[in-house]
>>> print(open('run.cif').read())   # mmCIF, C-alpha atoms
data_protein
#
loop_
_atom_site.label_atom_id
_atom_site.label_comp_id
_atom_site.auth_asym_id
_atom_site.auth_seq_id
_atom_site.Cartn_x
_atom_site.Cartn_y
_atom_site.Cartn_z
CA MET A 4 -74.64 57.11 72.90
CA GLY A 5 -72.17 55.20 75.02
CA ASN A 6 -74.74 52.57 75.93
CA ALA A 7 -75.76 52.18 72.28
CA THR A 8 -72.15 51.57 71.36
CA GLU A 9 -71.78 49.02 74.15
CA TRP A 10 -74.84 47.03 73.07
CA PHE A 11 -74.13 47.24 69.35
CA ASP A 12 -72.14 44.03 69.81
CA TYR A 13 -75.10 42.08 71.15
CA GLY A 14 -77.25 43.13 68.20
CA VAL A 15 -74.51 42.10 65.78
CA TYR A 16 -73.90 38.74 67.47
CA ALA A 17 -77.61 37.92 67.43
CA ALA A 18 -78.07 38.93 63.79
CA THR A 19 -74.95 37.07 62.61
CA ALA A 20 -75.59 33.89 64.62
CA THR A 21 -76.08 31.72 61.53
CA TYR A 22 -72.84 33.01 59.95
CA LEU A 23 -70.89 32.52 63.16
CA THR A 24 -72.18 28.95 63.33
CA ASP A 25 -70.72 28.20 59.89
CA ALA A 26 -67.45 30.00 60.63
CA PHE A 27 -66.72 28.68 64.12
CA PHE A 28 -69.04 25.77 64.98
CA PRO A 29 -69.59 23.59 61.88
CA GLY A 30 -71.49 20.37 62.48
CA ASP A 31 -74.87 19.12 63.64
CA LEU A 32 -74.72 20.94 66.98
CA GLY A 33 -73.36 24.16 65.49
CA THR A 34 -76.24 26.39 66.60
CA LEU A 35 -75.84 25.20 70.18
CA GLY A 36 -72.16 26.12 69.95
CA THR A 37 -73.06 29.64 68.83
CA MET A 38 -75.60 30.01 71.64
CA LEU A 39 -72.92 28.73 74.06
CA GLY A 40 -70.62 31.45 72.70
CA PHE A 41 -73.32 33.95 73.60
CA ALA A 42 -73.99 32.47 77.03
CA VAL A 43 -70.33 32.20 78.02
CA SER A 44 -69.92 35.96 77.75
CA PHE A 45 -72.12 36.12 80.83
CA VAL A 46 -69.90 33.85 82.92
CA LEU A 47 -67.60 36.69 83.93
CA ARG A 48 -70.32 39.32 84.22
CA PRO A 49 -70.77 38.68 87.96
CA LEU A 50 -66.99 38.89 88.43
CA GLY A 51 -66.97 42.08 86.38
CA GLY A 52 -69.72 43.44 88.60
CA MET A 53 -67.76 42.53 91.73
CA VAL A 54 -64.73 44.39 90.39
CA TRP A 55 -66.27 47.39 88.63
CA GLY A 56 -69.18 47.97 91.07
CA PRO A 57 -67.20 48.60 94.26
CA LEU A 58 -64.61 50.48 92.18
CA GLY A 59 -67.35 52.76 90.86
CA ASP A 60 -68.57 53.40 94.41
CA ARG A 61 -65.02 54.21 95.49
CA ILE A 62 -63.45 56.25 92.66
CA GLY A 63 -66.57 57.41 90.81
CA ARG A 64 -68.93 56.44 88.01
CA LYS A 65 -67.23 58.31 85.18
CA ALA A 66 -63.81 56.61 85.17
CA VAL A 67 -65.28 53.10 85.22
CA LEU A 68 -67.72 53.83 82.41
CA ALA A 69 -64.96 55.19 80.18
CA THR A 70 -62.82 52.10 80.80
CA THR A 71 -65.51 49.47 80.19
CA ILE A 72 -66.46 50.85 76.80
CA LEU A 73 -62.84 50.64 75.58
CA LEU A 74 -62.63 46.99 76.65
CA MET A 75 -65.86 46.13 74.87
CA ALA A 76 -64.91 47.88 71.63
CA ALA A 77 -61.49 46.22 71.51
CA ALA A 78 -62.89 42.72 72.09
CA THR A 79 -65.70 43.19 69.57
CA GLY A 80 -63.35 44.47 66.89
CA ALA A 81 -61.02 41.53 67.51
CA ILE A 82 -63.86 39.08 66.73
CA GLY A 83 -63.96 40.53 63.23
CA LEU A 84 -60.30 39.56 62.75
CA LEU A 85 -60.49 35.97 64.02
CA PRO A 86 -59.52 33.01 61.81
CA THR A 87 -62.32 30.52 61.14
CA HIS A 88 -62.62 26.84 62.05
CA ALA A 89 -61.69 25.91 58.49
CA GLN A 90 -58.40 27.82 58.88
CA VAL A 91 -57.19 26.90 62.38
CA GLY A 92 -59.57 24.21 63.61
CA VAL A 93 -60.68 24.12 67.23
CA LEU A 94 -58.54 27.18 68.06
CA ALA A 95 -61.11 29.37 66.28
CA PRO A 96 -64.06 28.75 68.65
CA ILE A 97 -61.67 28.93 71.64
CA LEU A 98 -60.55 32.41 70.57
CA LEU A 99 -64.16 33.48 69.96
CA ILE A 100 -65.24 32.32 73.41
CA THR A 101 -62.22 34.02 75.01
CA LEU A 102 -63.19 37.35 73.46
CA ARG A 103 -66.79 36.84 74.55
CA VAL A 104 -65.52 36.40 78.12
CA VAL A 105 -63.66 39.72 77.87
CA GLN A 106 -66.86 41.35 76.65
CA GLY A 107 -68.76 39.85 79.56
CA PHE A 108 -66.23 41.15 82.08
CA SER A 109 -66.49 44.69 80.69
CA THR A 110 -70.29 44.56 80.52
CA GLY A 111 -70.34 43.55 84.19
CA GLY A 112 -69.50 47.15 85.04
CA GLU A 113 -71.18 48.84 82.10
CA TYR A 114 -74.90 48.60 82.57
CA GLY A 115 -75.15 49.16 86.30
CA GLY A 116 -72.79 52.11 86.03
CA ALA A 117 -74.66 53.74 83.17
CA ALA A 118 -78.03 53.34 84.89
CA THR A 119 -76.66 54.55 88.22
CA TYR A 120 -75.00 57.58 86.66
CA LEU A 121 -78.10 58.61 84.73
CA ALA A 122 -80.43 58.10 87.73
CA GLU A 123 -78.17 60.20 89.96
CA CYS A 124 -77.98 63.02 87.41
CA ALA A 125 -81.71 63.14 86.62
CA SER A 126 -84.17 65.22 88.63
CA ASP A 127 -86.35 63.24 91.02
CA LYS A 128 -89.56 64.19 89.22
CA LYS A 129 -88.27 63.21 85.76
CA ARG A 130 -86.11 60.20 86.57
CA GLY A 131 -88.40 57.79 84.75
CA PHE A 132 -88.54 59.88 81.58
CA LEU A 133 -84.84 60.71 81.46
CA GLY A 134 -83.78 57.22 82.54
CA SER A 135 -85.76 55.66 79.68
CA PHE A 136 -83.25 57.11 77.23
CA LEU A 137 -80.62 54.68 78.51
CA GLU A 138 -82.81 51.86 77.22
CA PHE A 139 -83.41 53.88 74.08
CA GLY A 140 -79.65 53.65 73.65
CA THR A 141 -79.68 49.92 74.37
CA LEU A 142 -82.27 49.30 71.67
CA ALA A 143 -80.44 51.67 69.35
CA GLY A 144 -77.42 49.42 69.76
CA PHE A 145 -79.47 46.33 68.97
CA VAL A 146 -81.14 48.08 66.03
CA GLY A 147 -77.81 49.45 64.80
CA GLY A 148 -76.28 45.99 64.91
CA SER A 149 -79.24 44.37 63.14
CA ALA A 150 -79.48 47.18 60.58
CA THR A 151 -75.78 46.92 59.79
CA VAL A 152 -76.08 43.18 59.22
CA LEU A 153 -79.20 43.67 57.06
CA ALA A 154 -77.43 46.33 54.98
CA CYS A 155 -74.51 43.98 54.44
CA GLN A 156 -76.87 41.14 53.49
CA LEU A 157 -78.59 43.30 50.90
CA ALA A 158 -75.34 44.80 49.58
CA ILE A 159 -73.15 41.73 49.15
CA GLY A 160 -75.55 38.78 49.32
CA SER A 161 -75.78 35.64 51.44
CA ASP A 162 -72.76 33.82 50.02
CA ALA A 163 -70.39 36.72 50.67
CA MET A 164 -71.84 37.17 54.17
CA HIS A 165 -71.10 33.54 55.01
CA ASP A 166 -67.62 33.86 53.52
CA TRP A 167 -66.30 37.17 54.88
CA GLY A 168 -69.06 39.79 55.16
CA TRP A 169 -69.99 38.84 58.73
CA ARG A 170 -66.73 40.47 59.86
CA ILE A 171 -67.74 43.99 58.79
CA PRO A 172 -70.23 44.76 61.62
CA PHE A 173 -67.77 43.60 64.29
CA LEU A 174 -65.00 45.80 62.90
CA LEU A 175 -67.32 48.84 62.96
CA ALA A 176 -67.45 48.53 66.77
CA VAL A 177 -63.92 49.96 67.04
CA PRO A 178 -64.65 53.52 65.80
CA LEU A 179 -68.00 53.47 67.60
CA GLY A 180 -66.24 52.52 70.83
CA LEU A 181 -63.78 55.39 70.47
CA ILE A 182 -66.68 57.81 70.02
CA GLY A 183 -68.38 56.43 73.14
CA TRP A 184 -65.14 56.68 75.13
CA TYR A 185 -64.71 60.32 74.10
CA LEU A 186 -68.28 61.18 75.10
CA ARG A 187 -68.00 59.50 78.49
CA SER A 188 -64.61 61.04 79.22
CA ALA A 189 -66.18 64.47 78.75
CA LEU A 190 -68.86 63.89 81.41
CA ASP A 191 -68.91 65.49 84.86
CA GLU A 192 -69.04 63.16 87.85
CA SER A 193 -72.46 62.32 89.30
CA PRO A 194 -73.46 65.05 91.80
CA VAL A 195 -75.07 62.50 94.14
CA PHE A 196 -71.84 60.47 94.28
CA SER A 197 -69.69 63.58 94.69
CA GLU A 198 -71.82 64.74 97.61
CA VAL A 199 -71.47 61.45 99.50
CA ALA A 200 -67.78 61.05 98.61
CA GLU A 201 -66.95 64.37 100.26
CA GLU A 202 -68.60 63.37 103.55
CA LYS A 203 -68.08 60.63 106.08
CA HIS A 204 -70.36 57.73 105.16
CA PRO A 205 -70.99 54.09 106.14
CA PRO A 206 -68.66 51.45 104.70
CA GLY A 207 -69.39 50.12 101.24
CA GLY A 208 -68.18 47.05 99.39
CA LEU A 209 -69.49 43.54 98.85
CA ARG A 210 -69.48 42.49 102.51
CA GLU A 211 -71.66 45.43 103.47
CA LEU A 212 -74.04 44.58 100.63
CA VAL A 213 -74.61 40.94 101.49
CA THR A 214 -74.90 41.55 105.24
CA THR A 215 -77.03 44.72 105.31
CA TYR A 216 -78.90 44.80 102.01
CA ARG A 217 -79.92 41.18 101.37
CA ARG A 218 -83.58 42.07 100.85
CA GLU A 219 -82.66 44.67 98.24
CA LEU A 220 -80.31 42.28 96.44
CA LEU A 221 -82.89 39.48 96.29
CA THR A 222 -85.71 41.81 95.20
CA MET A 223 -83.67 43.16 92.32
CA ALA A 224 -82.35 39.71 91.36
CA GLY A 225 -85.91 38.35 91.07
CA LEU A 226 -87.01 41.25 88.89
CA VAL A 227 -83.94 40.78 86.69
CA VAL A 228 -84.84 37.12 86.09
CA ALA A 229 -88.09 38.25 84.46
CA LEU A 230 -86.48 41.19 82.72
CA ASN A 231 -83.63 39.35 81.09
CA VAL A 232 -85.23 36.03 80.18
CA VAL A 233 -87.69 38.10 78.14
CA ASN A 234 -84.93 40.42 76.89
CA TYR A 235 -82.54 37.78 75.61
CA THR A 236 -85.31 35.58 74.26
CA LEU A 237 -86.96 38.40 72.31
CA LEU A 238 -83.94 40.45 71.27
CA THR A 239 -81.16 37.87 70.92
CA TYR A 240 -82.53 34.37 70.34
CA GLN A 241 -85.43 35.50 68.16
CA PRO A 242 -83.56 35.69 64.79
CA THR A 243 -82.31 32.11 65.24
CA TYR A 244 -85.76 30.96 66.36
CA LEU A 245 -87.49 32.56 63.38
CA GLN A 246 -85.07 31.07 60.87
CA LYS A 247 -84.76 27.55 62.28
CA THR A 248 -88.15 26.93 63.85
CA ILE A 249 -90.51 28.98 61.69
CA GLY A 250 -88.49 28.96 58.46
CA LEU A 251 -88.19 32.71 57.79
CA GLY A 252 -85.40 33.80 55.47
CA GLU A 253 -82.33 35.59 56.81
CA SER A 254 -83.34 39.05 55.58
CA ASP A 255 -86.99 38.59 56.61
CA ALA A 256 -86.00 37.62 60.16
CA THR A 257 -83.60 40.57 60.46
CA ALA A 258 -86.19 42.99 59.06
CA MET A 259 -88.84 41.71 61.47
CA MET A 260 -86.50 42.27 64.41
CA LEU A 261 -85.85 45.82 63.23
CA ILE A 262 -89.56 46.62 62.98
CA GLY A 263 -90.25 45.33 66.48
CA GLN A 264 -87.27 47.08 68.04
CA LEU A 265 -88.06 50.39 66.35
CA ALA A 266 -91.63 50.19 67.68
CA MET A 267 -90.24 49.65 71.17
CA MET A 268 -87.86 52.60 70.81
CA VAL A 269 -90.68 54.95 69.81
CA VAL A 270 -92.76 54.25 72.92
CA LEU A 271 -89.93 53.98 75.48
CA PRO A 272 -89.87 57.68 76.53
CA PHE A 273 -93.67 57.76 76.82
CA PHE A 274 -93.68 54.80 79.20
CA GLY A 275 -90.81 56.37 81.12
CA ARG A 276 -92.78 59.60 81.54
CA LEU A 277 -95.88 57.63 82.54
CA SER A 278 -93.90 55.95 85.33
CA ASP A 279 -93.14 59.39 86.80
CA ARG A 280 -96.89 59.96 87.09
CA VAL A 281 -98.24 56.57 88.22
CA GLY A 282 -95.15 55.01 89.81
CA ARG A 283 -92.77 52.16 88.97
CA ARG A 284 -94.72 49.34 90.65
CA PRO A 285 -97.86 49.62 88.47
CA MET A 286 -95.71 49.61 85.33
CA TRP A 287 -93.93 46.43 86.35
CA LEU A 288 -97.16 44.74 87.43
CA PHE A 289 -98.84 45.45 84.08
CA SER A 290 -95.83 44.16 82.15
CA LEU A 291 -95.30 40.99 84.19
CA VAL A 292 -98.96 39.97 84.12
CA GLY A 293 -99.30 40.79 80.42
CA LEU A 294 -96.30 38.68 79.46
CA ALA A 295 -97.39 35.77 81.66
CA VAL A 296 -100.82 35.74 79.99
CA LEU A 297 -99.94 36.48 76.35
CA ALA A 298 -96.49 34.98 75.72
CA ILE A 299 -97.74 31.57 74.59
CA PRO A 300 -100.61 32.88 72.37
CA MET A 301 -98.25 35.35 70.67
CA TYR A 302 -95.60 32.71 70.00
CA TRP A 303 -98.26 30.47 68.53
CA LEU A 304 -99.26 33.32 66.21
CA MET A 305 -95.63 33.72 65.09
CA GLY A 306 -95.81 30.26 63.57
CA GLN A 307 -98.71 31.24 61.31
CA GLY A 308 -96.71 33.34 58.84
CA THR A 309 -94.48 36.40 58.48
CA ALA A 310 -97.21 39.01 59.11
CA TRP A 311 -98.36 37.21 62.26
CA ALA A 312 -94.75 36.83 63.38
CA ILE A 313 -94.31 40.60 63.17
CA PHE A 314 -97.59 41.18 65.04
CA GLY A 315 -96.73 38.72 67.81
CA PHE A 316 -93.24 40.14 68.25
CA VAL A 317 -94.50 43.73 68.42
CA VAL A 318 -97.18 42.83 71.00
CA LEU A 319 -94.66 41.09 73.26
CA GLY A 320 -92.17 43.90 72.75
CA LEU A 321 -94.72 46.52 73.80
CA LEU A 322 -95.67 44.47 76.86
CA TYR A 323 -92.01 44.30 77.77
CA VAL A 324 -91.40 48.05 77.39
CA PRO A 325 -92.88 49.06 80.81
CA GLN A 326 -90.07 47.05 82.42
CA LEU A 327 -87.43 48.19 79.96
CA SER A 328 -88.30 51.87 80.20
CA THR A 329 -88.06 51.96 83.99
CA ILE A 330 -84.86 49.98 84.65
CA SER A 331 -82.77 53.11 85.14
CA SER A 332 -85.29 54.68 87.49
CA THR A 333 -86.28 51.54 89.43
CA PHE A 334 -83.09 49.57 90.07
CA PRO A 335 -80.68 52.33 91.21
CA ALA A 336 -83.33 53.56 93.65
CA ILE A 337 -83.33 50.17 95.42
CA PHE A 338 -79.91 50.92 97.01
CA PRO A 339 -78.38 53.87 98.91
CA THR A 340 -75.60 55.89 97.26
CA HIS A 341 -72.53 54.36 98.92
CA VAL A 342 -73.39 50.84 97.68
CA ARG A 343 -75.56 51.72 94.67
CA TYR A 344 -73.13 50.88 91.86
CA ALA A 345 -71.96 47.67 93.54
CA GLY A 346 -75.48 46.59 94.52
CA PHE A 347 -76.83 47.15 91.02
CA ALA A 348 -73.85 45.44 89.38
CA LEU A 349 -73.88 42.41 91.68
CA ALA A 350 -77.62 41.68 91.68
CA TYR A 351 -78.06 42.45 88.01
CA ASN A 352 -75.10 40.48 86.71
CA VAL A 353 -75.48 37.37 88.87
CA SER A 354 -79.13 37.05 87.90
CA THR A 355 -78.40 37.85 84.25
CA ALA A 356 -75.59 35.31 84.07
CA ALA A 357 -77.78 32.57 85.54
CA PHE A 358 -80.98 33.25 83.60
CA GLY A 359 -80.63 35.99 80.97
CA GLY A 360 -77.43 35.11 79.15
CA THR A 361 -78.30 31.42 79.17
CA ALA A 362 -81.80 31.99 77.74
CA PRO A 363 -80.83 31.49 74.06
CA LEU A 364 -78.90 28.32 74.95
CA VAL A 365 -81.72 26.94 77.12
CA ASN A 366 -84.33 27.73 74.46
CA GLU A 367 -82.32 26.12 71.67
CA ALA A 368 -81.47 23.02 73.72
CA ALA A 369 -85.10 22.55 74.82
CA ILE A 370 -86.44 22.85 71.28
CA GLU A 371 -83.76 20.48 69.95
CA SER A 372 -84.52 17.85 72.59
CA THR A 373 -88.31 18.13 72.78
CA GLY A 374 -89.35 19.58 69.43
CA TRP A 375 -91.75 21.93 71.28
CA SER A 376 -91.51 25.23 69.39
CA LEU A 377 -93.44 27.13 72.09
CA PHE A 378 -90.86 26.46 74.80
CA PRO A 379 -89.41 30.05 74.66
CA ALA A 380 -92.88 31.38 75.49
CA ALA A 381 -93.27 28.99 78.42
CA TYR A 382 -89.83 30.00 79.67
CA MET A 383 -90.90 33.65 79.57
CA VAL A 384 -94.07 32.82 81.52
CA GLY A 385 -92.07 31.10 84.26
CA ALA A 386 -89.66 34.03 84.50
CA SER A 387 -92.54 36.51 84.71
CA LEU A 388 -94.03 34.57 87.63
CA ILE A 389 -90.69 34.81 89.46
CA GLY A 390 -90.71 38.52 88.75
CA LEU A 391 -94.19 38.85 90.25
CA VAL A 392 -92.95 37.34 93.52
CA ALA A 393 -90.07 39.84 93.63
CA TRP A 394 -92.45 42.68 92.72
CA CYS A 395 -94.29 42.12 96.00
CA PHE A 396 -91.16 43.28 97.84
CA LEU A 397 -90.43 46.29 95.60
CA ARG A 398 -90.73 49.70 97.27
CA GLU A 399 -92.28 52.56 95.32
CA THR A 400 -89.59 55.24 94.77
CA ALA A 401 -91.01 57.46 92.03
CA GLY A 402 -90.30 61.09 92.95
CA THR A 403 -87.99 60.03 95.80
CA SER A 404 -84.54 61.57 96.29
CA LEU A 405 -81.54 59.29 95.73
CA ARG A 406 -79.24 61.41 97.88
CA GLY A 407 -77.70 60.19 101.09
CA THR A 408 -76.80 56.83 102.56
CA GLU A 409 -80.27 55.54 103.50
CA VAL A 410 -82.40 53.23 101.36
CA PRO A 411 -84.64 55.53 99.29
CA GLU A 412 -88.26 55.55 100.49
CA ALA A 413 -91.34 57.04 98.85
CA GLY A 414 -92.26 60.46 100.17
CA ASP A 415 -95.71 61.95 100.67
CA ASP A 416 -95.66 63.42 97.15
CA ALA A 417 -94.72 60.19 95.42
CA PRO A 418 -97.27 58.88 92.90
CA ASN A 419 -99.29 55.77 93.65
CA LEU A 420 -98.12 55.94 97.26
CA VAL A 421 -99.01 52.94 99.41
CA PRO A 422 -98.46 52.49 103.14
CA ALA A 423 -94.94 51.35 103.98
CA GLY A 424 -96.08 48.00 105.34
CA ALA A 425 -98.20 47.24 102.29
CA ALA A 426 -95.43 48.24 99.91
CA ILE A 427 -93.10 45.58 101.23
CA ALA A 428 -95.55 42.83 102.09
CA PRO A 429 -95.17 39.63 100.06
#
>>> encode(input="run.cif", output="structure tokens")
Amino acid sequence: MGNATEWFDYGVYAATATYLTDAFFPGDLGTLGTMLGFAVSFVLRPLGGMVWGPLGDRIGRKAVLATTILLMAAATGAIGLLPTHAQVGVLAPILLITLRVVQGFSTGGEYGGAATYLAECASDKKRGFLGSFLEFGTLAGFVGGSATVLACQLAIGSDAMHDWGWRIPFLLAVPLGLIGWYLRSALDESPVFSEVAEEKHPPGGLRELVTTYRRELLTMAGLVVALNVVNYTLLTYQPTYLQKTIGLGESDATAMMLIGQLAMMVVLPFFGRLSDRVGRRPMWLFSLVGLAVLAIPMYWLMGQGTAWAIFGFVVLGLLYVPQLSTISSTFPAIFPTHVRYAGFALAYNVSTAAFGGTAPLVNEAAIESTGWSLFPAAYMVGASLIGLVAWCFLRETAGTSLRGTEVPEAGDDAPNLVPAGAAIAP
């Protein structure tokens, strides 16, 4: 629930991109301005990870998670109150970008903390299944944001949405954020963290990470390149792409996104459970290869009409789900407990800021300059190939305990077990 609330903003921003362009970035390059507003929120995510990650390893997961959701809700609600470019000129986009930076800073500690907390609370044998519900919450946030925008479109019409209706979904983030804060404040601390915190353990912090766990940081960063280029192309840039490049109407594009995201939500827990049986590495390999092979054909199909656009989006979404469903079971298990929150936050947010958050901006700029409508697919293929290189260094950790201060290693009862040397060979 907390994660859904946190990611509600990203669904709203993606679904209202055309309205935000009119309100804050009028002119020929308006869409690029809106995509820049999305990308800039990622600038402070690495800094947020550097602050929140070590703090979460020092004082606990619970307190940080409760704080980040309040920051996100306040910044999102404030966007709904901003004056437009027509009212205050260039101050309007400056204020929007400032609030997006605040959101990025809070998100820098949100996702790694939520995944770490859930992985440490889940049983070793069911970590994939239980962890998949974090991504269920992520998609619920996207779907909730898109559904809210669609409901507003149908209720008040396009003209009213461009005039003032776009504010409504942002304002709804405030009560949702308060609900998420209440739920997180009622949680118990992670038992894995509590166990290590009560004992003498090796030093944590950023210096320890970059000197002792470089391999783990780079492995996760490479996987995140693939994960988030696909994520932010499919789930954030797609409405703009469908409207501008393919010519779908506003409501049709929003409805198509909802159908695809709901299909992904339905299968997430099943893929998570499957990863507990076959392992994380086979799931990632299937997804990365499938996306590298089918991204361009599916994007070509999207240009053939609405029905084909829905089909292509659903196919790519389902190919992406094996990655999405195993984030919370794969990434926290890369690091030992005393640096887990910081390691996740640093690797995830640096890679996301460089490649994920910039994906809508890169896609839009490339299409504008080259006219090649299949560029987003090619970008996804390149990211998947980077992910395949990182996959070669990924250890299998399904069924492995996350307790203690050693890097988790697959035990004899882990599924799809491979010899230690083979598991880490490039």
>>> resolve_selection(input="run.cif", expression="the PyMOL selection byres ((chain A and resi 335) around 8)", output="list in words")
Ala118, Thr119, Ala122, Ser331, Ser332, Thr333, Phe334, Ala336, Ile337, Phe338, Arg343, Tyr344 and Phe347 of chain A
>>> residues_near_point(input="run.cif", point="(-88.6, 31.4, 62.4)", cutoff="12 Å", atoms="all atoms listed in the file", output="PyMOL selection string")
chain A and resi 240-257+259-260+302-313+316+376-377
>>> residues_near_point(input="run.cif", point="(-86.0, 41.6, 104.8)", cutoff="9 Å", atoms="only C-alpha atoms", output="list in words")
Tyr216, Arg217, Arg218, Glu219, Phe396 and Ile427 of chain A
>>> resolve_selection(input="run.cif", expression="the PyMOL selection byres ((chain A and resi 41) around 9)", output="list of chain:residue names")
A:Tyr13, A:Tyr16, A:Ala17, A:Gly36, A:Thr37, A:Met38, A:Leu39, A:Gly40, A:Ala42, A:Val43, A:Ser44, A:Phe45, A:Ile100, A:Arg103, A:Gly360, A:Thr361, A:Pro363, A:Leu364
>>> resolve_selection(input="run.cif", expression="the PyMOL selection byres ((chain A and resi 165-170) around 12)", output="JSON, numbers by chain")
{"A": [12, 15, 16, 17, 18, 19, 20, 21, 22, 23, 24, 25, 26, 27, 79, 80, 81, 82, 83, 84, 85, 86, 87, 89, 148, 149, 151, 152, 153, 154, 155, 156, 157, 158, 159, 160, 161, 162, 163, 164, 171, 172, 173, 174, 175, 176, 253]}
>>> atom_distance(input="run.cif", atom1="atom CA of A:Leu121", atom2="atom CA of A:Tyr185")
17.2 Å
>>> closest_residue(input="run.cif", among="A:Gly225, A:Gly293, A:Gly402, A:Gly56", to="A:Leu322", atoms="only C-alpha atoms")
A:Gly293
>>> residues_around(input="run.cif", residues="stretch 128-135 of chain A", least_positions_apart="5", cutoff="8 Å", atoms="only C-alpha atoms", output="mmCIF file with C-alpha atoms, keeping the file's coordinate frame")
data_model
loop_
_atom_site.group_PDB
_atom_site.id
_atom_site.type_symbol
_atom_site.label_atom_id
_atom_site.label_comp_id
_atom_site.auth_asym_id
_atom_site.auth_seq_id
_atom_site.Cartn_x
_atom_site.Cartn_y
_atom_site.Cartn_z
ATOM 1 C CA ALA A 118 -78.030 53.340 84.890
ATOM 2 C CA LEU A 121 -78.100 58.610 84.730
ATOM 3 C CA ALA A 122 -80.430 58.100 87.730
ATOM 4 C CA LEU A 271 -89.930 53.980 75.480
ATOM 5 C CA PRO A 272 -89.870 57.680 76.530
ATOM 6 C CA PHE A 273 -93.670 57.760 76.820
ATOM 7 C CA PHE A 274 -93.680 54.800 79.200
ATOM 8 C CA GLY A 275 -90.810 56.370 81.120
ATOM 9 C CA ARG A 276 -92.780 59.600 81.540
ATOM 10 C CA LEU A 277 -95.880 57.630 82.540
ATOM 11 C CA SER A 278 -93.900 55.950 85.330
ATOM 12 C CA ASP A 279 -93.140 59.390 86.800
ATOM 13 C CA LEU A 327 -87.430 48.190 79.960
ATOM 14 C CA SER A 328 -88.300 51.870 80.200
ATOM 15 C CA THR A 329 -88.060 51.960 83.990
ATOM 16 C CA ILE A 330 -84.860 49.980 84.650
ATOM 17 C CA SER A 331 -82.770 53.110 85.140
ATOM 18 C CA SER A 332 -85.290 54.680 87.490
ATOM 19 C CA ALA A 401 -91.010 57.460 92.030
ATOM 20 C CA GLY A 402 -90.300 61.090 92.950
ATOM 21 C CA THR A 403 -87.990 60.030 95.800
#
>>> residues_around(input="run.cif", residues="A:Ser109", least_positions_apart="4", cutoff="7 Å", atoms="all atoms listed in the file", output="PyMOL selection string")
chain A and resi 51+71+74-75+105+113
>>> write_last_selection(input="run.cif", atoms="C-alpha atoms", output="CSV table (one decimal), keeping the file's coordinate frame")
chain,number,residue,atom,x,y,z
A,51,GLY,CA,-67.0,42.1,86.4
A,71,THR,CA,-65.5,49.5,80.2
A,74,LEU,CA,-62.6,47.0,76.6
A,75,MET,CA,-65.9,46.1,74.9
A,105,VAL,CA,-63.7,39.7,77.9
A,113,GLU,CA,-71.2,48.8,82.1
>>> closest_residue(input="run.cif", among="A:Ala386, A:Val67, A:Leu294, A:Val199", to="A:Val232", atoms="all atoms listed in the file")
A:Ala386
>>> atom_distance(input="run.cif", atom1="atom CA of A:Leu261", atom2="atom CA of A:Thr110")
23.3 Å
